[in-house]
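Worksheet: one structure, shown below.
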Amino acid sequence: VVKASLTFYDVSTNVHGGQTLSLCRAVNPEEKRRIIGDTFVKVADRTAKDLNLTWDNLFLGQGTLRPDLIESASHMASSRAHAIKTHYNDSEMVRQLRLHGRVVESFKGGKTRWRCCASSIMAY
């Protein structure tokens, strides 16, 4: 388990060429979602490096729901959609990992299926 609450509290990210406020100061929900999504991938990347692992031998498993992709205007849901809102689990960094085949998602069963899977792995 990675304790990253302080990392998330004071982090910011780049949106449309500009730096956001830190998460604790941001008021725009869209910016907050992007900060959370980007920071999650950065924390996962840092943790992988601490364990001497690379994304070549890692996968990101997440219980992405179809509505998340539709609202985020992901190409996986529609090629002509406009974003309603971005989801932290469909950030640009996650999309890049997905393009390189490093994301495993369960569109059926969503988060419940992943909780079950994660519990089995943790028990192993």
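Labels for the structure tokens follow display order: chains A, B, ..., residues from 1 in each chain, ligands from 1.
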
Within 9 Å of A:Leu21 using only C-alpha atoms, minus same-chain residues under 5 positions, as a PDB file with N, CA, C and O atoms, in the first residue's frame:
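Written out: out-v5.pdb:
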ATOM      1  N   ASP A  10      -0.972  18.518  -2.455  1.00  0.00           N
ATOM      2  CA  ASP A  10      -0.312  19.742  -2.900  1.00  0.00           C
ATOM      3  C   ASP A  10       0.194  19.692  -4.340  1.00  0.00           C
ATOM      4  O   ASP A  10       1.000  20.504  -4.748  1.00  0.00           O
ATOM      5  N   VAL A  11      -0.287  18.747  -5.144  1.00  0.00           N
ATOM      6  CA  VAL A  11       0.209  18.579  -6.502  1.00  0.00           C
ATOM      7  C   VAL A  11      -0.619  19.391  -7.498  1.00  0.00           C
ATOM      8  O   VAL A  11      -1.776  19.715  -7.252  1.00  0.00           O
ATOM      9  N   SER A  12       0.010  19.721  -8.613  1.00  0.00           N
ATOM     10  CA  SER A  12      -0.703  20.369  -9.720  1.00  0.00           C
ATOM     11  C   SER A  12      -0.307  19.643 -10.989  1.00  0.00           C
ATOM     12  O   SER A  12       0.538  18.759 -10.971  1.00  0.00           O
ATOM     13  N   THR A  13      -0.909  20.003 -12.111  1.00  0.00           N
ATOM     14  CA  THR A  13      -0.565  19.378 -13.384  1.00  0.00           C
ATOM     15  C   THR A  13      -0.689  20.402 -14.495  1.00  0.00           C
ATOM     16  O   THR A  13      -1.111  21.529 -14.270  1.00  0.00           O
ATOM     17  N   ALA A  26      -7.515  24.009  -6.023  1.00  0.00           N
ATOM     18  CA  ALA A  26      -8.299  24.005  -7.268  1.00  0.00           C
ATOM     19  C   ALA A  26      -9.786  23.981  -6.961  1.00  0.00           C
ATOM     20  O   ALA A  26     -10.237  23.291  -6.044  1.00  0.00           O
ATOM     21  N   VAL A  27     -10.552  24.733  -7.730  1.00  0.00           N
ATOM     22  CA  VAL A  27     -12.004  24.739  -7.571  1.00  0.00           C
ATOM     23  C   VAL A  27     -12.706  24.197  -8.815  1.00  0.00           C
ATOM     24  O   VAL A  27     -13.851  23.769  -8.741  1.00  0.00           O
ATOM     25  N   GLU A  31     -10.314  20.438 -13.738  1.00  0.00           N
ATOM     26  CA  GLU A  31      -8.898  20.484 -13.376  1.00  0.00           C
ATOM     27  C   GLU A  31      -8.593  19.488 -12.263  1.00  0.00           C
ATOM     28  O   GLU A  31      -7.565  18.816 -12.291  1.00  0.00           O
TER      29      GLU A  31
END

Calculated over only C-alpha atoms, which of the candidates A:Leu23, A:Gly17, A:Phe40, A:Gln96 has the smallest distance to A:Lys3?
A:Phe40

Nearest residue to A:Thr39 from the set A:Leu51, A:Phe59, A:Tyr9, A:Arg25 (distances using only C-alpha atoms)
A:Tyr9

Shell around A:Gly61 at 6 Å using only C-alpha atoms, local window under 3 positions removed, as a ChimeraX atom specification
/A:103-105

Å distance separating atom CA of A:Val43 from atom CA of A:Ala4, one decimal place:
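Taking atom CA of A:Val43 and atom CA of A:Ala4, their separation equals 7.5 Å.
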
Rank nothing, just name the residue among A:Asn52, A:Gln19, A:Asn57, A:Thr47 nearest to A:Val2, using only C-alpha atoms.
A:Thr47

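Comparing the minimum interatomic distances between A:Leu58 and each of A:Glu30, A:Gly37, A:Leu97, A:His16, counting only C-alpha atoms, we find that A:Leu97 sits nearest.
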
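Atom CA of A:Arg98 is positioned 20.1 Å from atom CA of A:Asn14.
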
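Using only C-alpha atoms, the nearest neighbour of A:Lys32 within the list A:Asp50, A:His100, A:Val1, A:Phe8 is A:Phe8.
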